[in-house]
$ cat structure-v4.txt   # compact mmCIF, C-alpha atoms and all ligand atoms
# COMPACT_ATOMS: atom_id res chain seq x y z
CA MET A 38 0.00 0.00 0.00
CA GLN A 39 1.23 3.53 -0.84
CA PRO A 40 2.19 5.71 2.11
CA ARG A 41 -0.39 8.35 3.03
CA ILE A 42 0.44 11.97 2.18
CA SER A 43 -1.05 14.78 4.26
CA PHE A 44 -0.45 18.48 4.94
CA ARG A 45 -0.38 20.29 8.26
CA PRO A 46 0.10 24.02 8.88
CA LEU A 47 3.72 25.02 9.57
CA ARG A 48 4.33 25.86 13.26
CA GLU A 49 7.12 27.56 15.17
CA SER A 50 8.40 24.23 16.47
CA ASP A 51 9.18 23.28 12.83
CA PHE A 52 11.83 26.01 12.45
CA ASN A 53 14.72 23.66 13.35
CA LEU A 54 13.46 21.25 10.73
CA MET A 55 13.11 24.07 8.18
CA HIS A 56 16.64 25.19 9.05
CA ARG A 57 17.97 21.69 8.27
CA TRP A 58 15.92 21.35 5.07
CA LEU A 59 16.63 24.84 3.71
CA ASN A 60 20.36 24.14 4.04
CA MET A 61 20.27 20.79 2.22
CA PRO A 62 22.31 21.04 -1.01
CA HIS A 63 19.44 19.81 -3.22
CA VAL A 64 17.10 22.48 -1.76
CA ILE A 65 19.67 25.31 -1.76
CA GLU A 66 20.30 24.69 -5.46
CA TRP A 67 16.75 25.59 -6.48
CA TRP A 68 15.22 27.49 -3.53
CA ASP A 69 17.23 30.24 -1.89
CA LYS A 70 20.67 29.64 -3.42
CA THR A 71 22.37 30.81 -0.22
CA GLY A 72 20.63 28.72 2.41
CA ALA A 73 19.18 30.42 5.48
CA SER A 74 20.20 31.01 9.09
CA PHE A 75 17.82 30.10 11.91
CA ASN A 76 17.11 33.80 12.55
CA GLU A 77 16.34 34.44 8.89
CA ILE A 78 13.90 31.54 8.93
CA ARG A 79 12.28 32.86 12.09
CA SER A 80 11.79 36.37 10.67
CA LYS A 81 10.49 35.07 7.35
CA TYR A 82 8.12 32.36 8.56
CA LEU A 83 6.82 33.75 11.87
CA PRO A 84 4.55 36.32 10.12
CA ARG A 85 3.30 33.55 7.85
CA ILE A 86 2.35 31.42 10.84
CA SER A 87 0.65 34.27 12.68
CA GLY A 88 -1.42 35.22 9.62
CA ASP A 89 0.44 38.50 9.01
CA SER A 90 1.54 37.34 5.57
CA PRO A 91 -0.61 36.14 2.64
CA VAL A 92 1.54 33.01 2.22
CA SER A 93 0.02 29.78 3.62
CA CYS A 94 2.69 27.28 4.67
CA PHE A 95 2.41 23.54 5.23
CA VAL A 96 4.64 20.64 6.20
CA ILE A 97 4.17 17.60 3.95
CA GLU A 98 3.77 14.43 5.97
CA MET A 99 4.13 10.85 4.78
CA ASP A 100 2.46 8.48 7.23
CA ASN A 101 3.05 11.16 9.93
CA ARG A 102 6.75 11.56 9.04
CA ASP A 103 7.69 15.14 8.10
CA ILE A 104 9.14 14.95 4.59
CA GLY A 105 8.90 18.37 3.01
CA TYR A 106 7.32 21.77 2.68
CA ILE A 107 4.71 23.34 0.42
CA GLN A 108 3.35 26.91 0.33
CA THR A 109 0.67 28.72 -1.61
CA TYR A 110 -0.52 32.29 -2.13
CA TRP A 111 -2.69 34.39 -4.40
CA VAL A 112 -0.66 35.93 -7.21
CA SER A 113 -2.67 39.15 -6.77
CA ASP A 114 -1.16 39.60 -3.26
CA PHE A 115 2.34 39.97 -4.75
CA ILE A 116 1.52 41.98 -7.84
CA LYS A 117 4.25 44.62 -7.40
CA GLU A 118 7.02 42.06 -6.82
CA ILE A 119 5.74 39.86 -9.62
CA ALA A 120 5.50 42.76 -12.08
CA GLN A 121 9.26 43.17 -11.76
CA LEU A 122 10.19 39.49 -11.79
CA CYS A 123 7.69 37.99 -14.16
CA PRO A 124 5.42 40.36 -16.15
CA GLN A 125 3.59 37.43 -17.83
CA MET A 126 2.22 36.39 -14.47
CA VAL A 127 0.60 39.80 -13.94
CA GLU A 128 -1.73 39.24 -16.90
CA GLN A 129 -3.03 36.11 -15.19
CA ALA A 130 -3.40 37.60 -11.73
CA ALA A 131 -6.92 38.96 -12.02
CA SER A 132 -9.05 35.87 -11.78
CA LEU A 133 -8.32 33.84 -8.65
CA VAL A 134 -4.90 32.61 -9.71
CA ALA A 135 -2.79 30.92 -7.03
CA SER A 136 0.84 29.87 -7.06
CA LEU A 137 2.73 27.22 -5.09
CA ASP A 138 6.29 26.28 -4.17
CA VAL A 139 7.40 22.89 -2.91
CA PHE A 140 10.40 20.88 -1.76
CA ILE A 141 11.00 17.40 -0.46
CA GLY A 142 13.46 18.04 2.39
CA GLU A 143 14.77 14.51 2.92
CA PRO A 144 17.29 13.59 0.20
CA ASP A 145 16.79 9.82 0.65
CA LEU A 146 13.15 10.26 -0.42
CA LEU A 147 13.79 12.03 -3.73
CA ASN A 148 12.73 10.45 -7.03
CA SER A 149 10.24 8.03 -5.54
CA GLY A 150 7.12 9.85 -6.74
CA LEU A 151 6.39 11.75 -3.53
CA GLY A 152 6.84 15.24 -4.98
CA THR A 153 4.33 14.48 -7.74
CA ARG A 154 1.83 12.96 -5.33
CA ALA A 155 2.19 15.89 -2.93
CA VAL A 156 1.65 18.52 -5.65
CA ARG A 157 -1.35 16.67 -7.15
CA GLN A 158 -2.99 16.20 -3.76
CA PHE A 159 -2.23 19.77 -2.65
CA LEU A 160 -3.85 21.13 -5.81
CA ASN A 161 -6.97 19.05 -5.23
CA GLN A 162 -7.29 19.59 -1.50
CA VAL A 163 -5.99 23.11 -0.94
CA VAL A 164 -5.53 25.21 -4.10
CA PHE A 165 -8.58 24.05 -6.07
CA GLY A 166 -10.40 22.55 -3.06
CA LYS A 167 -10.27 24.94 -0.10
CA MET A 168 -9.08 28.10 -1.91
CA LYS A 169 -11.24 27.47 -5.00
CA ALA A 170 -8.61 28.96 -7.32
CA ASN A 171 -9.44 29.06 -11.02
CA SER A 172 -5.88 28.11 -11.86
CA CYS A 173 -2.44 27.65 -10.38
CA ILE A 174 0.86 28.82 -11.82
CA VAL A 175 4.45 27.91 -11.03
CA THR A 176 7.74 29.35 -12.26
CA PRO A 177 10.49 26.71 -12.10
CA ASP A 178 14.01 27.49 -13.24
CA SER A 179 14.31 26.18 -16.82
CA SER A 180 17.26 24.01 -15.67
CA ASN A 181 15.28 22.42 -12.84
CA SER A 182 14.37 19.29 -14.79
CA ALA A 183 13.02 17.40 -11.77
CA ALA A 184 10.60 20.19 -10.81
CA ILE A 185 9.45 20.69 -14.42
CA ARG A 186 8.84 16.94 -14.73
CA VAL A 187 6.89 16.89 -11.44
CA TYR A 188 4.71 19.84 -12.44
CA LYS A 189 3.99 18.24 -15.84
CA LYS A 190 3.05 14.95 -14.17
CA ALA A 191 0.81 16.84 -11.76
CA GLY A 192 -1.10 18.47 -14.64
CA PHE A 193 0.74 21.75 -15.36
CA SER A 194 1.53 22.75 -18.92
CA LEU A 195 4.32 24.96 -20.12
CA GLU A 196 3.13 28.45 -21.05
CA ALA A 197 6.16 30.55 -21.75
CA CYS A 198 9.42 31.91 -20.49
CA ALA A 199 8.52 33.63 -17.22
CA GLY A 200 10.42 36.86 -17.71
CA PRO A 201 12.01 38.49 -20.75
CA SER A 202 14.83 39.87 -18.63
CA GLY A 203 15.90 40.13 -15.01
CA ALA A 204 15.82 37.46 -12.33
CA PHE A 205 13.17 35.28 -13.99
CA ARG A 206 14.55 35.23 -17.54
CA HIS A 207 15.67 31.61 -17.06
CA HIS A 208 12.39 30.51 -15.52
CA TYR A 209 9.37 28.89 -17.15
CA LEU A 210 5.79 29.85 -16.50
CA MET A 211 3.61 26.74 -16.14
CA SER A 212 -0.09 26.66 -15.40
CA CYS A 213 -2.78 24.22 -14.36
CA LEU A 214 -6.51 24.95 -14.66
CA ASN A 215 -8.96 23.95 -11.97
CA PRO A 216 -10.74 21.02 -13.65
CA ALA A 217 -14.01 22.19 -12.06
CA SER A 218 -13.85 25.76 -13.44
C1 LIG A 301 11.28 19.04 -7.32
C2 LIG A 301 11.10 18.01 -6.19
C3 LIG A 301 10.03 18.52 -5.25
C4 LIG A 301 10.66 16.70 -6.80
O1 LIG A 301 10.37 15.78 -5.76
P1 LIG A 301 10.48 14.21 -6.00
O2 LIG A 301 9.77 13.54 -4.91
O3 LIG A 301 11.88 13.82 -6.23
O4 LIG A 301 9.65 14.06 -7.38
P2 LIG A 301 9.12 12.74 -8.10
O5 LIG A 301 9.86 11.55 -7.59
O6 LIG A 301 7.65 12.72 -8.01
O7 LIG A 301 9.48 13.01 -9.62
C5 LIG A 301 10.78 13.43 -10.01
C6 LIG A 301 10.88 13.30 -11.52
O8 LIG A 301 11.96 14.07 -12.00
C7 LIG A 301 12.87 13.23 -12.68
N1 LIG A 301 14.20 13.77 -12.46
C8 LIG A 301 14.87 13.85 -11.30
N2 LIG A 301 16.06 14.42 -11.50
C9 LIG A 301 16.12 14.73 -12.83
C10 LIG A 301 17.10 15.34 -13.64
N3 LIG A 301 18.24 15.79 -13.15
N4 LIG A 301 16.81 15.47 -14.97
C11 LIG A 301 15.64 15.03 -15.51
N5 LIG A 301 14.67 14.44 -14.74
C12 LIG A 301 14.92 14.30 -13.44
C13 LIG A 301 12.66 11.86 -12.08
O9 LIG A 301 13.13 10.83 -12.94
C14 LIG A 301 11.14 11.85 -11.94
O10 LIG A 301 10.49 11.70 -13.19
P3 LIG A 301 9.88 10.27 -13.64
O11 LIG A 301 8.87 9.88 -12.60
O12 LIG A 301 9.27 10.53 -14.96
O13 LIG A 301 11.04 9.30 -13.68
C15 LIG A 301 12.44 17.74 -5.45
O14 LIG A 301 13.41 17.39 -6.39
C16 LIG A 301 12.93 18.92 -4.65
O15 LIG A 301 12.54 19.10 -3.52
N6 LIG A 301 13.85 19.73 -5.23
C17 LIG A 301 14.43 20.89 -4.55
C18 LIG A 301 13.46 22.05 -4.46
C19 LIG A 301 12.82 22.40 -5.78
O16 LIG A 301 13.44 22.35 -6.83
N7 LIG A 301 11.55 22.80 -5.71
C20 LIG A 301 10.79 23.27 -6.86
C21 LIG A 301 11.06 24.70 -7.04
S1 LIG A 301 10.17 25.30 -8.44
$ encode --input "structure-v4.txt" --output "structure tokens" --more "lines below"
Ligand SMILES: CC(C)(COP(=O)(O)OP(=O)(O)OC[C@H]1O[C@@H](n2cnc3c(N)ncnc32)[C@H](O)[C@@H]1OP(=O)(O)O)[C@@H](O)C(=O)NCCC(=O)NCCS
Amino acid sequence: MQPRISFRPLRESDFNLMHRWLNMPHVIEWWDKTGASFNEIRSKYLPRISGDSPVSCFVIEMDNRDIGYIQTYWVSDFIKEIAQLCPQMVEQAASLVASLDVFIGEPDLLNSGLGTRAVRQFLNQVVFGKMKANSCIVTPDSSNSAAIRVYKKAGFSLEACAGPSGAFRHHYLMSCLNPAS
């Protein structure tokens, strides 16, 4: 039987875990590039936990074992930042468009289908389920073959290069429509 995947809201007691995960080489490569100190994690994620930030954060569990992290937000809440990074996303921001970011923190669990299952289930339960988004977009680095493969398997299709210049010029814009919309 396949292990059960579930999501629980991130809490302050997860910061040590996040500190370990965000400094794993396979996460650093595609997430923050520099890693993160414990204090940086605290200042970034505390407002998200207390509801002072529009980003909703979850730990991915596999049979109650913490295995990774997934977050979601409305694109319209970050319109100024996104306009600079990825103008194509701004066009899509009007009609209940969400975005998500994900990592599997434990390196021994990579490439066993968990990332794909987590993204598919998160779309169904949270993004299209609870949030009732019309669509979801992601912007993986065009060299991040594993993430692009996962998003394709989870139902995203490639739209375009995310940004003509600047920080997102090497990123793809991928989108997935809510099947119910
Ligand atoms: C992206 C990530 C979540 C995928 O998780 P995962 O559990 O390993 O994903 P899956 O096992 O479901 O699928 C991985 C797929 O990528 C493929 N893959 C892995 N490395 C690859 C590479 N270097 N080149 C091409 N394909 C690759 C695997 O073969 C698999 O595809 P397949 O099922 O067709 O064989 C994980 O690699 C991760 O946490 N990466 C670091 C953070 C990150 O990049 N997040 C996304 C930011 S946009």
$ residues_near_ligand --input "structure-v4.txt" --ligand "ligand LIG 301 (chain A)" --cutoff "9 Å" --atoms "all atoms listed in the file" --output "JSON list (two decimals) with C-alpha atoms, in the coordinates of the input"
[["chain", "number", "residue", "atom", "x", "y", "z"],
["A", 61, "MET", "CA", 20.27, 20.79, 2.22],
["A", 62, "PRO", "CA", 22.31, 21.04, -1.01],
["A", 63, "HIS", "CA", 19.44, 19.81, -3.22],
["A", 64, "VAL", "CA", 17.10, 22.48, -1.76],
["A", 65, "ILE", "CA", 19.67, 25.31, -1.76],
["A", 66, "GLU", "CA", 20.30, 24.69, -5.46],
["A", 67, "TRP", "CA", 16.75, 25.59, -6.48],
["A", 68, "TRP", "CA", 15.22, 27.49, -3.53],
["A", 105, "GLY", "CA", 8.90, 18.37, 3.01],
["A", 106, "TYR", "CA", 7.32, 21.77, 2.68],
["A", 137, "LEU", "CA", 2.73, 27.22, -5.09],
["A", 138, "ASP", "CA", 6.29, 26.28, -4.17],
["A", 139, "VAL", "CA", 7.40, 22.89, -2.91],
["A", 140, "PHE", "CA", 10.40, 20.88, -1.76],
["A", 141, "ILE", "CA", 11.00, 17.40, -0.46],
["A", 142, "GLY", "CA", 13.46, 18.04, 2.39],
["A", 143, "GLU", "CA", 14.77, 14.51, 2.92],
["A", 144, "PRO", "CA", 17.29, 13.59, 0.20],
["A", 146, "LEU", "CA", 13.15, 10.26, -0.42],
["A", 147, "LEU", "CA", 13.79, 12.03, -3.73],
["A", 148, "ASN", "CA", 12.73, 10.45, -7.03],
["A", 149, "SER", "CA", 10.24, 8.03, -5.54],
["A", 150, "GLY", "CA", 7.12, 9.85, -6.74],
["A", 151, "LEU", "CA", 6.39, 11.75, -3.53],
["A", 152, "GLY", "CA", 6.84, 15.24, -4.98],
["A", 153, "THR", "CA", 4.33, 14.48, -7.74],
["A", 154, "ARG", "CA", 1.83, 12.96, -5.33],
["A", 155, "ALA", "CA", 2.19, 15.89, -2.93],
["A", 156, "VAL", "CA", 1.65, 18.52, -5.65],
["A", 175, "VAL", "CA", 4.45, 27.91, -11.03],
["A", 176, "THR", "CA", 7.74, 29.35, -12.26],
["A", 177, "PRO", "CA", 10.49, 26.71, -12.10],
["A", 178, "ASP", "CA", 14.01, 27.49, -13.24],
["A", 180, "SER", "CA", 17.26, 24.01, -15.67],
["A", 181, "ASN", "CA", 15.28, 22.42, -12.84],
["A", 182, "SER", "CA", 14.37, 19.29, -14.79],
["A", 183, "ALA", "CA", 13.02, 17.40, -11.77],
["A", 184, "ALA", "CA", 10.60, 20.19, -10.81],
["A", 185, "ILE", "CA", 9.45, 20.69, -14.42],
["A", 186, "ARG", "CA", 8.84, 16.94, -14.73],
["A", 187, "VAL", "CA", 6.89, 16.89, -11.44],
["A", 188, "TYR", "CA", 4.71, 19.84, -12.44],
["A", 190, "LYS", "CA", 3.05, 14.95, -14.17],
["A", 191, "ALA", "CA", 0.81, 16.84, -11.76]]
$ atom_distance --input "structure-v4.txt" --atom1 "CA of Gln108 (chain A)" --atom2 "CA of Lys81 (chain A)"
12.9 Å
$ closest_residue --input "structure-v4.txt" --among "A:Cys123, A:Arg57, A:Lys117, A:Phe159" --to "His208 (chain A)" --atoms "all atoms listed in the file"
A:Cys123
$ atom_distance --input "structure-v4.txt" --atom1 "CA of Ser132 (chain A)" --atom2 "CA of Asp89 (chain A)"
23.0 Å
$ closest_residue --input "structure-v4.txt" --among "A:Glu49, A:Glu118, A:Glu77, A:Asp145" --to "Ile104 (chain A)" --atoms "only C-alpha atoms"
A:Asp145
$ closest_residue --input "structure-v4.txt" --among "A:Pro216, A:Ala170, A:Asn60, A:Asn101" --to "Ser113 (chain A)" --atoms "only C-alpha atoms"
A:Ala170
$ residues_near_point --input "structure-v4.txt" --point "(-5.1, 30.1, -4.2)" --cutoff "10 Å" --atoms "all atoms listed in the file" --output "PyMOL selection string"
chain A and resi 92-93+109-113+133-137+160+163-174
$ atom_distance --input "structure-v4.txt" --atom1 "CA of Asn53 (chain A)" --atom2 "CA of Arg79 (chain A)"
9.6 Å
$ closest_residue --input "structure-v4.txt" --among "A:Asn76, A:Arg206, A:Ile119, A:Glu98" --to "Gln158 (chain A)" --atoms "only C-alpha atoms"
A:Glu98
